[in-house]
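Trainee: I have a structure here, written as structure tokens, and I will follow up with some questions on it.
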Amino acid sequence: MNTKYLAIALFLFTLSMNAQDNKVKKVTNKGKFFVYWGWNWASYSDSDIHFKGNNYDFTLKNVKATDRPTKFSFRDYFNPGRVTIPQTNFRIGYFFKENYTISIGVDHMKYVMVPDQNVKIDGTINVGNPKYDGVYNNSDINLASDFLRFEHTDGLNYVNVQLYRFDDISKWFGLELENLQINLTEGVGVGVLVPRTNTTLLNNERHDDFHFSGYGASVGGGLNITFLKHFFIQADIKGGYIYMPNIRTTVNASDTASQGFYFFQNNILIGGKFRI
């Protein structure tokens, strides 16, 4: 009888050990760093743009703008010498808790005022140009090339800090795998704008250097798929508000512009997690 009980005990012990061997090891995030690179497609709300200089002070109302994504090619998207040409996202961060990250990065968007559109204008212009000099009161004006070209195309550079949460939702899909996790991400960010603004205003020489122009705030979320514990692809959406009260428009420091608008991004990202 004792031999029978001993055999049963050994059998149950063997099953227990096999179950432990087959149990999926939980992948932990706390203490890991992560880095990613990716690409964005953006859209912008209409905005009022106020231009001010020594001989003019006017506001253009409800100006439309678009982004300028680069046509896909391996040369532009993956060549290390040309990776900043497309609209890109770069970020490095840290899991300070299992589900929370703090990170810093740059959203390199591009903002292009739609050329030749008709808008309303208020204010005055007195630059010695008979075509455009005058006093305007909710008047119509065409944004022709000899009047204005307005772009943040060397970067509407949103340098921001983000606080994000990660939640493993693999179980929703019936998955419990050590080398594959599906995560929801969501969070908030704040930052500053350091654009290179390519502007030609009333035939003045343009200013084309990086310049601290304002600040912004954003919220976002996405789907992160991590595989082999260390690598991931991620699809994000992000929206927010940008206010730039100090945009340089010409080589003359007294010539400035200001605007505020909402933005929306779609992002595709690739990256990795690691410990130091």
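FYI, nothing fancy with the structure tokens labels: chains A, B, ... in order, residues from 1 per chain, ligands from 1 as they appear.
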Write out as a count of residues only which residues come within 9 Å of segment 146-148 of chain A when counting only C-alpha atoms, dropping same-chain ones fewer than 3 positions away.
Mentor: 10
Trainee: Report as a PyMOL selection string all protein, DNA and RNA residues lying within 10 Å of Lys64 of chain A, evaluated on only C-alpha atoms, omitting residues in the same chain fewer than 2 positions from it.
Mentor: chain A and resi 44-48+61-62+66+112-115+117-119
Trainee: For the selection just defined, write its residues with all heavy atoms to a file, as a CSV table (one decimal), in the first residue's frame.
Mentor:
```csv
chain,number,residue,atom,x,y,z
A,44,TYR,N,-3.6,69.5,-40.2
A,44,TYR,CA,-3.6,70.7,-39.4
A,44,TYR,C,-4.9,71.4,-39.6
A,44,TYR,O,-5.5,71.4,-40.7
A,44,TYR,CB,-2.5,71.6,-39.8
A,44,TYR,CG,-1.1,71.0,-39.8
A,44,TYR,CD1,-0.5,70.6,-41.1
A,44,TYR,CD2,-0.4,70.6,-38.7
A,44,TYR,CE1,0.7,70.0,-41.1
A,44,TYR,CE2,0.8,70.0,-38.7
A,44,TYR,CZ,1.3,69.7,-39.9
A,44,TYR,OH,2.6,69.0,-40.0
A,45,SER,N,-5.4,72.0,-38.5
A,45,SER,CA,-6.6,72.9,-38.6
A,45,SER,C,-6.2,74.2,-39.2
A,45,SER,O,-5.0,74.6,-39.3
A,45,SER,CB,-7.1,73.1,-37.2
A,45,SER,OG,-6.2,73.9,-36.4
A,46,ASP,N,-7.2,74.9,-39.7
A,46,ASP,CA,-7.0,76.3,-40.3
A,46,ASP,C,-6.5,77.1,-39.1
A,46,ASP,O,-6.9,76.9,-37.9
A,46,ASP,CB,-8.3,76.8,-40.8
A,46,ASP,CG,-8.8,76.0,-42.0
A,46,ASP,OD1,-8.0,75.2,-42.5
A,46,ASP,OD2,-9.9,76.3,-42.5
A,47,SER,N,-5.8,78.2,-39.4
A,47,SER,CA,-5.3,79.1,-38.4
A,47,SER,C,-5.2,80.5,-38.9
A,47,SER,O,-5.0,80.8,-40.1
A,47,SER,CB,-3.9,78.6,-37.9
A,47,SER,OG,-2.9,78.8,-38.9
A,48,ASP,N,-5.3,81.4,-37.9
A,48,ASP,CA,-5.0,82.8,-38.2
A,48,ASP,C,-3.5,83.1,-38.0
A,48,ASP,O,-2.9,82.6,-37.0
A,48,ASP,CB,-5.8,83.7,-37.2
A,48,ASP,CG,-7.3,83.7,-37.4
A,48,ASP,OD1,-7.7,83.1,-38.4
A,48,ASP,OD2,-8.0,84.2,-36.6
A,61,LYS,N,-6.6,85.3,-42.0
A,61,LYS,CA,-7.6,84.5,-41.3
A,61,LYS,C,-7.9,83.1,-41.9
A,61,LYS,O,-8.0,83.0,-43.2
A,61,LYS,CB,-8.9,85.3,-41.2
A,61,LYS,CG,-8.8,86.6,-40.4
A,61,LYS,CD,-10.1,87.3,-40.4
A,61,LYS,CE,-10.0,88.6,-39.6
A,61,LYS,NZ,-11.4,89.3,-39.5
A,62,ASN,N,-8.0,82.1,-41.1
A,62,ASN,CA,-8.4,80.8,-41.5
A,62,ASN,C,-7.5,80.3,-42.7
A,62,ASN,O,-8.0,79.8,-43.7
A,62,ASN,CB,-9.8,80.7,-41.9
A,62,ASN,CG,-10.7,81.1,-40.7
A,62,ASN,OD1,-10.5,80.6,-39.6
A,62,ASN,ND2,-11.8,81.9,-40.9
A,66,THR,N,-1.2,72.0,-45.3
A,66,THR,CA,-1.1,70.5,-45.4
A,66,THR,C,0.3,70.1,-44.9
A,66,THR,O,1.2,70.9,-44.6
A,66,THR,CB,-1.3,70.1,-46.8
A,66,THR,OG1,-0.2,70.5,-47.6
A,66,THR,CG2,-2.6,70.6,-47.4
A,112,VAL,N,2.9,73.1,-44.5
A,112,VAL,CA,3.0,73.9,-45.8
A,112,VAL,C,1.7,74.6,-46.0
A,112,VAL,O,0.6,74.0,-46.1
A,112,VAL,CB,3.2,72.9,-47.0
A,112,VAL,CG1,3.3,73.8,-48.3
A,112,VAL,CG2,4.4,72.1,-46.8
A,113,MET,N,1.7,76.0,-46.0
A,113,MET,CA,0.6,76.8,-46.3
A,113,MET,C,0.1,76.5,-47.7
A,113,MET,O,1.0,76.5,-48.6
A,113,MET,CB,0.9,78.2,-46.1
A,113,MET,CG,-0.3,79.2,-46.4
A,113,MET,SD,0.3,80.9,-46.6
A,113,MET,CE,0.8,80.8,-48.3
A,114,VAL,N,-1.1,76.2,-47.9
A,114,VAL,CA,-1.6,76.0,-49.3
A,114,VAL,C,-1.4,77.2,-50.1
A,114,VAL,O,-2.0,78.3,-49.8
A,114,VAL,CB,-3.1,75.6,-49.3
A,114,VAL,CG1,-3.7,75.4,-50.7
A,114,VAL,CG2,-3.3,74.3,-48.5
A,115,PRO,N,-0.7,77.2,-51.2
A,115,PRO,CA,-0.4,78.4,-52.0
A,115,PRO,C,-1.6,78.8,-52.8
A,115,PRO,O,-2.5,78.0,-53.1
A,115,PRO,CB,0.7,77.9,-52.9
A,115,PRO,CG,0.5,76.5,-53.1
A,115,PRO,CD,0.0,76.0,-51.8
A,117,GLN,N,-4.3,80.4,-52.2
A,117,GLN,CA,-5.6,80.3,-51.6
A,117,GLN,C,-6.1,81.8,-51.4
A,117,GLN,O,-5.3,82.7,-51.2
A,117,GLN,CB,-5.7,79.5,-50.3
A,117,GLN,CG,-4.8,80.1,-49.2
A,117,GLN,CD,-4.9,79.2,-47.9
A,117,GLN,OE1,-5.9,79.1,-47.3
A,117,GLN,NE2,-3.8,78.6,-47.6
A,118,ASN,N,-7.4,81.9,-51.3
A,118,ASN,CA,-8.0,83.2,-51.0
A,118,ASN,C,-8.4,83.2,-49.5
A,118,ASN,O,-9.1,82.3,-49.1
A,118,ASN,CB,-9.2,83.5,-51.9
A,118,ASN,CG,-8.9,83.6,-53.3
A,118,ASN,OD1,-7.9,84.3,-53.7
A,118,ASN,ND2,-9.6,82.9,-54.2
A,119,VAL,N,-8.0,84.3,-48.8
A,119,VAL,CA,-8.4,84.4,-47.4
A,119,VAL,C,-8.8,85.8,-47.1
A,119,VAL,O,-8.7,86.7,-47.9
A,119,VAL,CB,-7.1,84.0,-46.5
A,119,VAL,CG1,-6.7,82.6,-46.8
A,119,VAL,CG2,-6.0,85.0,-46.7
```
Trainee: Which distance in Å separates atom CA of Pro245 of chain A and atom CA of Thr197 of chain A, to one decimal?
Mentor: 13.3 Å
Trainee: Between atom CA of Phe78 of chain A and atom CA of Phe150 of chain A, measure the distance and give it in Å to one decimal.
Mentor: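 Rounded to one decimal, the two atoms are 28.5 Å apart.
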Trainee: Write out as a list in words all residues of segment 88-227 of chain A that DSSP puts in helix (DSSP H, G or I) for this structure's backbone.
Mentor: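 Here is the list: Ser170, Lys171, Trp172 and Phe173 of chain A.
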Trainee: Using only C-alpha atoms for the distances, tell me which of A:Ser73, A:Asn252, A:Gln234, A:Ser170 is nearest to His207 of chain A.
Mentor: A:Asn252
